[in-house]
Amino acid sequence: RITEVVTVSGPPEGGTRVTIHGVNLGLDFSEIVGHIDIAGVECSPVREEYIIAEQIVCEMGRARPGINAGPVLLCIGECRPEFMAKSSQYYTFVIPTVKELFPSRGPESGGTMVTITGQNLGAGSSVSVLL
């Protein structure tokens with residue numbers, strides 16, 4: 001049973017890490033490999049962050065065009081209906097867009113605080129900005 005999904009949006013290029021919390025999420029890492037589907041996209045589990053039966057962290061693959069959102073589907077071991085779990089939360093693919101950068105200039109020596117505004121800037125599991 002999936003109880004919570006953390007990081008419920010990210011870019012369609014993939015690479016976002018999604019954390020799945022729940023109960024009975026497998027007794028061995030091998031039981032979940034290749035069995036995690038998020039919004040129609042395979043999500044590859046990260047061995048170092050797997051907590052037996054309680055937590056799975058996986059990295060999203062690239063979304064196919066036309067896919068916008070969907071639930072987490074997970075099966076443990078054999079993919080039989082009694083071993084399937086579906087999240088109530090949906091993962092959404094979003095494209096971060098910058099609307100404004102203020103100020104638009106500053107001294108070469110640096111140190112200027114910059115404000116970036118836009119949409120979906122916090123999507124994904126990490127954010128980096130290069131100016």
# chains A, B, ... in the order shown; residues from 1 in each chain; ligands from 1
>>> select_by_dssp(residues="chain A", states="helix (DSSP H, G or I)", output="ChimeraX atom specification")
/A:29-31,47-49,81-83
>>> write_last_selection(atoms="C-alpha atoms", output="PDB file, in the first residue's frame")
ATOM      1  CA  PHE A  29      15.429  -4.579  -3.404  1.00  0.00           C
ATOM      2  CA  SER A  30      15.241  -7.154  -6.216  1.00  0.00           C
ATOM      3  CA  GLU A  31      11.452  -7.373  -5.741  1.00  0.00           C
ATOM      4  CA  ARG A  47      19.369   0.826  -3.945  1.00  0.00           C
ATOM      5  CA  GLU A  48      21.054   3.044  -1.328  1.00  0.00           C
ATOM      6  CA  GLU A  49      17.780   4.767  -0.432  1.00  0.00           C
ATOM      7  CA  PRO A  81      -3.071  -8.079  -9.011  1.00  0.00           C
ATOM      8  CA  GLU A  82      -2.776  -8.931  -5.312  1.00  0.00           C
ATOM      9  CA  PHE A  83       0.763  -7.514  -5.275  1.00  0.00           C
TER      10      PHE A  83
END
>>> residues_around(residues="A:Gly40", least_positions_apart="4", cutoff="12 Å", atoms="only C-alpha atoms", output="PyMOL selection string")
chain A and resi 12+35-36+60-74+90-93
>>> write_last_selection(atoms="N, CA and C atoms", output="short mmCIF file (atom, residue, chain, number, x, y, z; two decimals), in the first residue's frame")
data_model
loop_
_atom_site.label_atom_id
_atom_site.label_comp_id
_atom_site.auth_asym_id
_atom_site.auth_seq_id
_atom_site.Cartn_x
_atom_site.Cartn_y
_atom_site.Cartn_z
N PRO A 12 9.58 16.67 -18.09
CA PRO A 12 9.43 15.44 -18.88
C PRO A 12 10.77 14.82 -19.29
N HIS A 35 9.66 -2.65 -11.62
CA HIS A 35 8.23 -2.75 -11.32
C HIS A 35 7.62 -1.43 -10.84
N ILE A 36 8.26 -0.30 -11.16
CA ILE A 36 7.73 0.99 -10.73
C ILE A 36 7.39 1.81 -11.97
N MET A 60 13.12 9.15 -12.18
CA MET A 60 12.22 9.13 -13.33
C MET A 60 12.99 9.03 -14.65
N GLY A 61 12.42 8.27 -15.56
CA GLY A 61 12.91 8.23 -16.93
C GLY A 61 12.29 9.35 -17.74
N ARG A 62 12.60 9.38 -19.02
CA ARG A 62 12.05 10.41 -19.91
C ARG A 62 10.61 10.05 -20.30
N ALA A 63 9.74 11.05 -20.25
CA ALA A 63 8.33 10.85 -20.62
C ALA A 63 8.15 10.89 -22.13
N ARG A 64 7.26 10.05 -22.61
CA ARG A 64 6.91 10.08 -24.03
C ARG A 64 6.01 11.29 -24.28
N PRO A 65 6.05 11.85 -25.48
CA PRO A 65 5.17 12.99 -25.79
C PRO A 65 3.71 12.63 -25.56
N GLY A 66 2.97 13.60 -25.04
CA GLY A 66 1.54 13.40 -24.82
C GLY A 66 1.18 12.92 -23.43
N ILE A 67 2.16 12.51 -22.64
CA ILE A 67 1.87 12.07 -21.27
C ILE A 67 1.97 13.29 -20.36
N ASN A 68 0.90 13.56 -19.59
CA ASN A 68 0.88 14.73 -18.72
C ASN A 68 0.90 14.40 -17.24
N ALA A 69 0.19 13.36 -16.83
CA ALA A 69 0.08 13.03 -15.41
C ALA A 69 -0.42 11.61 -15.24
N GLY A 70 -0.21 11.08 -14.04
CA GLY A 70 -0.72 9.75 -13.72
C GLY A 70 -0.28 9.32 -12.35
N PRO A 71 -0.86 8.21 -11.86
CA PRO A 71 -0.52 7.72 -10.53
C PRO A 71 0.77 6.90 -10.53
N VAL A 72 1.23 6.56 -9.33
CA VAL A 72 2.33 5.62 -9.16
C VAL A 72 1.72 4.23 -9.16
N LEU A 73 2.25 3.35 -9.99
CA LEU A 73 1.84 1.95 -10.01
C LEU A 73 3.07 1.13 -9.64
N LEU A 74 2.90 0.23 -8.69
CA LEU A 74 4.02 -0.52 -8.16
C LEU A 74 3.58 -1.95 -7.91
N TYR A 90 -1.28 11.95 -7.87
CA TYR A 90 -0.81 11.89 -9.26
C TYR A 90 0.49 12.66 -9.41
N TYR A 91 1.36 12.15 -10.27
CA TYR A 91 2.60 12.83 -10.64
C TYR A 91 2.31 13.58 -11.93
N THR A 92 2.75 14.84 -12.01
CA THR A 92 2.47 15.67 -13.17
C THR A 92 3.77 16.13 -13.83
N PHE A 93 3.82 16.03 -15.15
CA PHE A 93 4.98 16.55 -15.89
C PHE A 93 4.75 18.02 -16.17
#
>>> closest_residue(among="A:Pro11, A:Pro96, A:Pro45, A:Pro103", to="A:Leu121", atoms="only C-alpha atoms")
A:Pro96
>>> residues_around(residues="A:Asn24", least_positions_apart="2", cutoff="12 Å", atoms="only C-alpha atoms", output="VMD selection string")
chain A and resid 1 to 3 20 to 22 26 to 28 31 to 32 51 to 56 74 to 77 82 to 85
>>> select_by_dssp(residues="chain A", states="strand (DSSP E)", output="PDB file with N, CA, C and O atoms, in the first residue's frame")
ATOM      1  N   ILE A   2       0.619   2.157  -0.902  1.00  0.00           N
ATOM      2  CA  ILE A   2       1.339   3.434  -0.983  1.00  0.00           C
ATOM      3  C   ILE A   2       0.590   4.445  -0.126  1.00  0.00           C
ATOM      4  O   ILE A   2      -0.606   4.649  -0.303  1.00  0.00           O
ATOM      5  N   THR A   3       1.313   5.078   0.806  1.00  0.00           N
ATOM      6  CA  THR A   3       0.680   6.060   1.688  1.00  0.00           C
ATOM      7  C   THR A   3       0.990   7.496   1.292  1.00  0.00           C
ATOM      8  O   THR A   3       0.195   8.392   1.553  1.00  0.00           O
ATOM      9  N   GLU A   4       2.151   7.721   0.650  1.00  0.00           N
ATOM     10  CA  GLU A   4       2.530   9.092   0.268  1.00  0.00           C
ATOM     11  C   GLU A   4       3.566   9.056  -0.844  1.00  0.00           C
ATOM     12  O   GLU A   4       4.436   8.196  -0.861  1.00  0.00           O
ATOM     13  N   VAL A   5       3.448  10.019  -1.736  1.00  0.00           N
ATOM     14  CA  VAL A   5       4.443  10.217  -2.794  1.00  0.00           C
ATOM     15  C   VAL A   5       4.984  11.620  -2.620  1.00  0.00           C
ATOM     16  O   VAL A   5       4.218  12.586  -2.566  1.00  0.00           O
ATOM     17  N   VAL A   6       6.309  11.727  -2.508  1.00  0.00           N
ATOM     18  CA  VAL A   6       6.948  13.033  -2.319  1.00  0.00           C
ATOM     19  C   VAL A   6       7.688  13.381  -3.607  1.00  0.00           C
ATOM     20  O   VAL A   6       8.430  12.549  -4.135  1.00  0.00           O
ATOM     21  N   SER A   9       5.807  16.403  -9.056  1.00  0.00           N
ATOM     22  CA  SER A   9       5.904  17.027 -10.383  1.00  0.00           C
ATOM     23  C   SER A   9       7.372  17.126 -10.772  1.00  0.00           C
ATOM     24  O   SER A   9       8.248  17.196  -9.918  1.00  0.00           O
ATOM     25  N   GLY A  10       7.591  17.117 -12.069  1.00  0.00           N
ATOM     26  CA  GLY A  10       8.950  17.231 -12.579  1.00  0.00           C
ATOM     27  C   GLY A  10       8.931  17.408 -14.080  1.00  0.00           C
ATOM     28  O   GLY A  10       7.895  17.224 -14.728  1.00  0.00           O
ATOM     29  N   ARG A  17      13.986  12.637  -8.745  1.00  0.00           N
ATOM     30  CA  ARG A  17      13.891  11.561  -7.757  1.00  0.00           C
ATOM     31  C   ARG A  17      12.558  11.662  -7.032  1.00  0.00           C
ATOM     32  O   ARG A  17      12.197  12.716  -6.542  1.00  0.00           O
ATOM     33  N   VAL A  18      11.854  10.547  -6.994  1.00  0.00           N
ATOM     34  CA  VAL A  18      10.540  10.463  -6.366  1.00  0.00           C
ATOM     35  C   VAL A  18      10.643   9.498  -5.189  1.00  0.00           C
ATOM     36  O   VAL A  18      11.218   8.409  -5.323  1.00  0.00           O
ATOM     37  N   THR A  19      10.115   9.906  -4.031  1.00  0.00           N
ATOM     38  CA  THR A  19      10.115   9.046  -2.851  1.00  0.00           C
ATOM     39  C   THR A  19       8.707   8.509  -2.632  1.00  0.00           C
ATOM     40  O   THR A  19       7.741   9.267  -2.603  1.00  0.00           O
ATOM     41  N   ILE A  20       8.625   7.193  -2.492  1.00  0.00           N
ATOM     42  CA  ILE A  20       7.356   6.502  -2.280  1.00  0.00           C
ATOM     43  C   ILE A  20       7.384   5.915  -0.873  1.00  0.00           C
ATOM     44  O   ILE A  20       8.263   5.111  -0.546  1.00  0.00           O
ATOM     45  N   HIS A  21       6.437   6.337  -0.030  1.00  0.00           N
ATOM     46  CA  HIS A  21       6.314   5.801   1.328  1.00  0.00           C
ATOM     47  C   HIS A  21       5.122   4.859   1.356  1.00  0.00           C
ATOM     48  O   HIS A  21       4.130   5.081   0.656  1.00  0.00           O
ATOM     49  N   GLY A  22       5.215   3.831   2.187  1.00  0.00           N
ATOM     50  CA  GLY A  22       4.087   2.922   2.300  1.00  0.00           C
ATOM     51  C   GLY A  22       4.353   1.776   3.240  1.00  0.00           C
ATOM     52  O   GLY A  22       5.277   1.821   4.064  1.00  0.00           O
ATOM     53  N   ILE A  36       8.258  -0.304 -11.157  1.00  0.00           N
ATOM     54  CA  ILE A  36       7.727   0.988 -10.729  1.00  0.00           C
ATOM     55  C   ILE A  36       7.392   1.815 -11.971  1.00  0.00           C
ATOM     56  O   ILE A  36       8.259   2.065 -12.804  1.00  0.00           O
ATOM     57  N   ASP A  37       6.150   2.222 -12.061  1.00  0.00           N
ATOM     58  CA  ASP A  37       5.666   3.010 -13.189  1.00  0.00           C
ATOM     59  C   ASP A  37       5.000   4.261 -12.621  1.00  0.00           C
ATOM     60  O   ASP A  37       4.097   4.158 -11.794  1.00  0.00           O
ATOM     61  N   ILE A  38       5.466   5.419 -13.037  1.00  0.00           N
ATOM     62  CA  ILE A  38       4.886   6.672 -12.562  1.00  0.00           C
ATOM     63  C   ILE A  38       4.408   7.465 -13.767  1.00  0.00           C
ATOM     64  O   ILE A  38       5.191   7.811 -14.632  1.00  0.00           O
ATOM     65  N   VAL A  41       5.628   6.195 -16.983  1.00  0.00           N
ATOM     66  CA  VAL A  41       7.070   6.239 -17.220  1.00  0.00           C
ATOM     67  C   VAL A  41       7.780   5.349 -16.204  1.00  0.00           C
ATOM     68  O   VAL A  41       7.442   5.366 -15.012  1.00  0.00           O
ATOM     69  N   GLU A  42       8.751   4.568 -16.669  1.00  0.00           N
ATOM     70  CA  GLU A  42       9.518   3.728 -15.738  1.00  0.00           C
ATOM     71  C   GLU A  42      10.330   4.605 -14.796  1.00  0.00           C
ATOM     72  O   GLU A  42      10.914   5.609 -15.210  1.00  0.00           O
ATOM     73  N   CYS A  43      10.351   4.216 -13.541  1.00  0.00           N
ATOM     74  CA  CYS A  43      11.126   4.917 -12.525  1.00  0.00           C
ATOM     75  C   CYS A  43      12.102   3.901 -11.937  1.00  0.00           C
ATOM     76  O   CYS A  43      11.686   2.852 -11.422  1.00  0.00           O
ATOM     77  N   SER A  44      13.399   4.176 -12.030  1.00  0.00           N
ATOM     78  CA  SER A  44      14.440   3.233 -11.605  1.00  0.00           C
ATOM     79  C   SER A  44      14.776   3.410 -10.131  1.00  0.00           C
ATOM     80  O   SER A  44      15.208   4.482  -9.714  1.00  0.00           O
ATOM     81  N   PRO A  45      14.587   2.353  -9.313  1.00  0.00           N
ATOM     82  CA  PRO A  45      14.842   2.475  -7.880  1.00  0.00           C
ATOM     83  C   PRO A  45      16.326   2.665  -7.564  1.00  0.00           C
ATOM     84  O   PRO A  45      17.188   2.156  -8.264  1.00  0.00           O
ATOM     85  N   GLN A  55      10.030   2.348   2.245  1.00  0.00           N
ATOM     86  CA  GLN A  55      10.360   3.491   1.386  1.00  0.00           C
ATOM     87  C   GLN A  55      11.111   3.050   0.140  1.00  0.00           C
ATOM     88  O   GLN A  55      12.033   2.242   0.206  1.00  0.00           O
ATOM     89  N   ILE A  56      10.710   3.639  -0.986  1.00  0.00           N
ATOM     90  CA  ILE A  56      11.404   3.456  -2.255  1.00  0.00           C
ATOM     91  C   ILE A  56      11.703   4.838  -2.803  1.00  0.00           C
ATOM     92  O   ILE A  56      10.831   5.707  -2.829  1.00  0.00           O
ATOM     93  N   VAL A  57      12.938   5.048  -3.227  1.00  0.00           N
ATOM     94  CA  VAL A  57      13.308   6.264  -3.949  1.00  0.00           C
ATOM     95  C   VAL A  57      13.698   5.810  -5.349  1.00  0.00           C
ATOM     96  O   VAL A  57      14.489   4.879  -5.505  1.00  0.00           O
ATOM     97  N   CYS A  58      13.121   6.456  -6.347  1.00  0.00           N
ATOM     98  CA  CYS A  58      13.452   6.082  -7.716  1.00  0.00           C
ATOM     99  C   CYS A  58      13.683   7.327  -8.560  1.00  0.00           C
ATOM    100  O   CYS A  58      13.269   8.427  -8.197  1.00  0.00           O
ATOM    101  N   GLU A  59      14.379   7.127  -9.681  1.00  0.00           N
ATOM    102  CA  GLU A  59      14.679   8.233 -10.592  1.00  0.00           C
ATOM    103  C   GLU A  59      13.857   8.079 -11.860  1.00  0.00           C
ATOM    104  O   GLU A  59      13.887   7.032 -12.510  1.00  0.00           O
ATOM    105  N   MET A  60      13.122   9.147 -12.181  1.00  0.00           N
ATOM    106  CA  MET A  60      12.223   9.133 -13.333  1.00  0.00           C
ATOM    107  C   MET A  60      12.987   9.032 -14.651  1.00  0.00           C
ATOM    108  O   MET A  60      14.026   9.670 -14.832  1.00  0.00           O
ATOM    109  N   ALA A  69       0.187  13.363 -16.833  1.00  0.00           N
ATOM    110  CA  ALA A  69       0.083  13.029 -15.414  1.00  0.00           C
ATOM    111  C   ALA A  69      -0.421  11.608 -15.244  1.00  0.00           C
ATOM    112  O   ALA A  69      -0.993  11.014 -16.159  1.00  0.00           O
ATOM    113  N   GLY A  70      -0.215  11.082 -14.036  1.00  0.00           N
ATOM    114  CA  GLY A  70      -0.724   9.754 -13.722  1.00  0.00           C
ATOM    115  C   GLY A  70      -0.283   9.323 -12.345  1.00  0.00           C
ATOM    116  O   GLY A  70       0.578   9.949 -11.726  1.00  0.00           O
ATOM    117  N   PRO A  71      -0.857   8.214 -11.857  1.00  0.00           N
ATOM    118  CA  PRO A  71      -0.519   7.721 -10.530  1.00  0.00           C
ATOM    119  C   PRO A  71       0.773   6.903 -10.527  1.00  0.00           C
ATOM    120  O   PRO A  71       1.320   6.591 -11.582  1.00  0.00           O
ATOM    121  N   VAL A  72       1.226   6.563  -9.331  1.00  0.00           N
ATOM    122  CA  VAL A  72       2.331   5.622  -9.159  1.00  0.00           C
ATOM    123  C   VAL A  72       1.717   4.229  -9.156  1.00  0.00           C
ATOM    124  O   VAL A  72       0.755   3.961  -8.428  1.00  0.00           O
ATOM    125  N   LEU A  73       2.247   3.353  -9.990  1.00  0.00           N
ATOM    126  CA  LEU A  73       1.842   1.947 -10.012  1.00  0.00           C
ATOM    127  C   LEU A  73       3.068   1.126  -9.641  1.00  0.00           C
ATOM    128  O   LEU A  73       4.138   1.306 -10.228  1.00  0.00           O
ATOM    129  N   LEU A  74       2.896   0.235  -8.689  1.00  0.00           N
ATOM    130  CA  LEU A  74       4.018  -0.524  -8.157  1.00  0.00           C
ATOM    131  C   LEU A  74       3.585  -1.946  -7.910  1.00  0.00           C
ATOM    132  O   LEU A  74       2.487  -2.187  -7.383  1.00  0.00           O
ATOM    133  N   CYS A  75       4.405  -2.899  -8.326  1.00  0.00           N
ATOM    134  CA  CYS A  75       4.117  -4.285  -7.952  1.00  0.00           C
ATOM    135  C   CYS A  75       5.366  -4.865  -7.297  1.00  0.00           C
ATOM    136  O   CYS A  75       6.485  -4.474  -7.598  1.00  0.00           O
ATOM    137  N   MET A  84      -0.138  -5.561  -6.451  1.00  0.00           N
ATOM    138  CA  MET A  84      -0.092  -4.235  -7.078  1.00  0.00           C
ATOM    139  C   MET A  84      -0.545  -3.160  -6.099  1.00  0.00           C
ATOM    140  O   MET A  84      -1.432  -3.388  -5.288  1.00  0.00           O
ATOM    141  N   ALA A  85       0.088  -2.005  -6.201  1.00  0.00           N
ATOM    142  CA  ALA A  85      -0.325  -0.847  -5.402  1.00  0.00           C
ATOM    143  C   ALA A  85      -0.443   0.347  -6.342  1.00  0.00           C
ATOM    144  O   ALA A  85       0.337   0.488  -7.289  1.00  0.00           O
ATOM    145  N   LYS A  86      -1.429   1.198  -6.076  1.00  0.00           N
ATOM    146  CA  LYS A  86      -1.656   2.402  -6.880  1.00  0.00           C
ATOM    147  C   LYS A  86      -1.808   3.579  -5.930  1.00  0.00           C
ATOM    148  O   LYS A  86      -2.565   3.511  -4.959  1.00  0.00           O
ATOM    149  N   SER A  87      -1.096   4.662  -6.210  1.00  0.00           N
ATOM    150  CA  SER A  87      -1.171   5.842  -5.352  1.00  0.00           C
ATOM    151  C   SER A  87      -2.442   6.637  -5.621  1.00  0.00           C
ATOM    152  O   SER A  87      -2.977   6.620  -6.729  1.00  0.00           O
ATOM    153  N   SER A  88      -2.902   7.335  -4.588  1.00  0.00           N
ATOM    154  CA  SER A  88      -4.033   8.249  -4.776  1.00  0.00           C
ATOM    155  C   SER A  88      -3.535   9.588  -5.323  1.00  0.00           C
ATOM    156  O   SER A  88      -4.292  10.329  -5.945  1.00  0.00           O
ATOM    157  N   GLN A  89      -2.243   9.880  -5.115  1.00  0.00           N
ATOM    158  CA  GLN A  89      -1.646  11.107  -5.639  1.00  0.00           C
ATOM    159  C   GLN A  89      -1.206  10.887  -7.084  1.00  0.00           C
ATOM    160  O   GLN A  89      -0.784   9.793  -7.450  1.00  0.00           O
ATOM    161  N   TYR A  90      -1.276  11.946  -7.870  1.00  0.00           N
ATOM    162  CA  TYR A  90      -0.815  11.890  -9.260  1.00  0.00           C
ATOM    163  C   TYR A  90       0.494  12.661  -9.406  1.00  0.00           C
ATOM    164  O   TYR A  90       0.688  13.684  -8.765  1.00  0.00           O
ATOM    165  N   TYR A  91       1.365  12.147 -10.268  1.00  0.00           N
ATOM    166  CA  TYR A  91       2.604  12.829 -10.640  1.00  0.00           C
ATOM    167  C   TYR A  91       2.312  13.582 -11.928  1.00  0.00           C
ATOM    168  O   TYR A  91       1.683  13.040 -12.840  1.00  0.00           O
ATOM    169  N   THR A  92       2.750  14.838 -12.009  1.00  0.00           N
ATOM    170  CA  THR A  92       2.470  15.674 -13.174  1.00  0.00           C
ATOM    171  C   THR A  92       3.767  16.133 -13.832  1.00  0.00           C
ATOM    172  O   THR A  92       4.689  16.574 -13.141  1.00  0.00           O
ATOM    173  N   PHE A  93       3.821  16.033 -15.149  1.00  0.00           N
ATOM    174  CA  PHE A  93       4.976  16.549 -15.891  1.00  0.00           C
ATOM    175  C   PHE A  93       4.755  18.025 -16.175  1.00  0.00           C
ATOM    176  O   PHE A  93       3.707  18.415 -16.697  1.00  0.00           O
ATOM    177  N   THR A  97       9.421  27.485 -16.459  1.00  0.00           N
ATOM    178  CA  THR A  97       9.617  28.634 -17.339  1.00  0.00           C
ATOM    179  C   THR A  97       9.965  29.860 -16.509  1.00  0.00           C
ATOM    180  O   THR A  97       9.363  30.110 -15.469  1.00  0.00           O
ATOM    181  N   VAL A  98      10.947  30.605 -16.982  1.00  0.00           N
ATOM    182  CA  VAL A  98      11.367  31.846 -16.330  1.00  0.00           C
ATOM    183  C   VAL A  98      10.619  33.000 -16.989  1.00  0.00           C
ATOM    184  O   VAL A  98      10.621  33.129 -18.208  1.00  0.00           O
ATOM    185  N   LYS A  99       9.974  33.823 -16.154  1.00  0.00           N
ATOM    186  CA  LYS A  99       9.253  34.992 -16.676  1.00  0.00           C
ATOM    187  C   LYS A  99      10.066  36.264 -16.518  1.00  0.00           C
ATOM    188  O   LYS A  99       9.999  37.151 -17.351  1.00  0.00           O
ATOM    189  N   GLU A 100      10.799  36.353 -15.395  1.00  0.00           N
ATOM    190  CA  GLU A 100      11.524  37.587 -15.139  1.00  0.00           C
ATOM    191  C   GLU A 100      12.770  37.312 -14.309  1.00  0.00           C
ATOM    192  O   GLU A 100      12.778  36.435 -13.449  1.00  0.00           O
ATOM    193  N   LEU A 101      13.794  38.088 -14.590  1.00  0.00           N
ATOM    194  CA  LEU A 101      15.056  38.062 -13.853  1.00  0.00           C
ATOM    195  C   LEU A 101      15.320  39.489 -13.420  1.00  0.00           C
ATOM    196  O   LEU A 101      15.380  40.387 -14.256  1.00  0.00           O
ATOM    197  N   PHE A 102      15.432  39.709 -12.086  1.00  0.00           N
ATOM    198  CA  PHE A 102      15.604  41.076 -11.605  1.00  0.00           C
ATOM    199  C   PHE A 102      16.679  41.124 -10.533  1.00  0.00           C
ATOM    200  O   PHE A 102      16.655  40.302  -9.632  1.00  0.00           O
ATOM    201  N   THR A 115      16.482  37.962  -8.209  1.00  0.00           N
ATOM    202  CA  THR A 115      15.177  37.339  -8.033  1.00  0.00           C
ATOM    203  C   THR A 115      14.725  36.782  -9.373  1.00  0.00           C
ATOM    204  O   THR A 115      14.711  37.498 -10.377  1.00  0.00           O
ATOM    205  N   ILE A 116      14.366  35.503  -9.372  1.00  0.00           N
ATOM    206  CA  ILE A 116      13.885  34.833 -10.580  1.00  0.00           C
ATOM    207  C   ILE A 116      12.425  34.472 -10.339  1.00  0.00           C
ATOM    208  O   ILE A 116      12.090  33.839  -9.345  1.00  0.00           O
ATOM    209  N   THR A 117      11.558  34.902 -11.256  1.00  0.00           N
ATOM    210  CA  THR A 117      10.143  34.543 -11.142  1.00  0.00           C
ATOM    211  C   THR A 117       9.722  33.754 -12.375  1.00  0.00           C
ATOM    212  O   THR A 117      10.304  33.909 -13.462  1.00  0.00           O
ATOM    213  N   GLY A 118       8.741  32.907 -12.192  1.00  0.00           N
ATOM    214  CA  GLY A 118       8.261  32.106 -13.303  1.00  0.00           C
ATOM    215  C   GLY A 118       7.282  31.056 -12.820  1.00  0.00           C
ATOM    216  O   GLY A 118       6.735  31.158 -11.725  1.00  0.00           O
ATOM    217  N   GLN A 119       7.100  30.031 -13.628  1.00  0.00           N
ATOM    218  CA  GLN A 119       6.175  28.952 -13.299  1.00  0.00           C
ATOM    219  C   GLN A 119       6.916  27.632 -13.185  1.00  0.00           C
ATOM    220  O   GLN A 119       7.857  27.376 -13.949  1.00  0.00           O
TER     221      GLN A 119
END
>>> decode(residues="stretch 29-42 of chain A", atoms="N, CA, C and O atoms", output="short mmCIF file (atom, residue, chain, number, x, y, z; two decimals), in the first residue's frame")
data_model
loop_
_atom_site.label_atom_id
_atom_site.label_comp_id
_atom_site.auth_asym_id
_atom_site.auth_seq_id
_atom_site.Cartn_x
_atom_site.Cartn_y
_atom_site.Cartn_z
N PHE A 29 15.33 -5.54 -2.30
CA PHE A 29 15.43 -4.58 -3.40
C PHE A 29 15.08 -5.22 -4.75
O PHE A 29 14.41 -4.61 -5.59
N SER A 30 15.48 -6.47 -4.94
CA SER A 30 15.24 -7.15 -6.22
C SER A 30 13.75 -7.29 -6.53
O SER A 30 13.37 -7.42 -7.69
N GLU A 31 12.89 -7.23 -5.52
CA GLU A 31 11.45 -7.37 -5.74
C GLU A 31 10.81 -6.15 -6.40
O GLU A 31 9.69 -6.24 -6.91
N ILE A 32 11.50 -5.00 -6.37
CA ILE A 32 10.90 -3.78 -6.91
C ILE A 32 11.55 -3.32 -8.22
O ILE A 32 10.97 -2.52 -8.94
N VAL A 33 12.74 -3.84 -8.53
CA VAL A 33 13.45 -3.42 -9.75
C VAL A 33 12.61 -3.74 -10.99
O VAL A 33 12.14 -4.87 -11.16
N GLY A 34 12.38 -2.73 -11.82
CA GLY A 34 11.61 -2.90 -13.05
C GLY A 34 10.11 -2.94 -12.84
O GLY A 34 9.37 -3.23 -13.78
N HIS A 35 9.66 -2.65 -11.62
CA HIS A 35 8.23 -2.75 -11.32
C HIS A 35 7.62 -1.43 -10.84
O HIS A 35 6.59 -1.45 -10.18
N ILE A 36 8.26 -0.30 -11.16
CA ILE A 36 7.73 0.99 -10.73
C ILE A 36 7.39 1.81 -11.97
O ILE A 36 8.26 2.06 -12.80
N ASP A 37 6.15 2.22 -12.06
CA ASP A 37 5.67 3.01 -13.19
C ASP A 37 5.00 4.26 -12.62
O ASP A 37 4.10 4.16 -11.79
N ILE A 38 5.47 5.42 -13.04
CA ILE A 38 4.89 6.67 -12.56
C ILE A 38 4.41 7.46 -13.77
O ILE A 38 5.19 7.81 -14.63
N ALA A 39 3.12 7.71 -13.82
CA ALA A 39 2.50 8.45 -14.93
C ALA A 39 2.90 7.85 -16.28
O ALA A 39 3.14 8.56 -17.24
N GLY A 40 2.97 6.53 -16.34
CA GLY A 40 3.30 5.85 -17.58
C GLY A 40 4.77 5.81 -17.93
O GLY A 40 5.13 5.42 -19.02
N VAL A 41 5.63 6.20 -16.98
CA VAL A 41 7.07 6.24 -17.22
C VAL A 41 7.78 5.35 -16.20
O VAL A 41 7.44 5.37 -15.01
N GLU A 42 8.75 4.57 -16.67
CA GLU A 42 9.52 3.73 -15.74
C GLU A 42 10.33 4.61 -14.80
O GLU A 42 10.91 5.61 -15.21
#
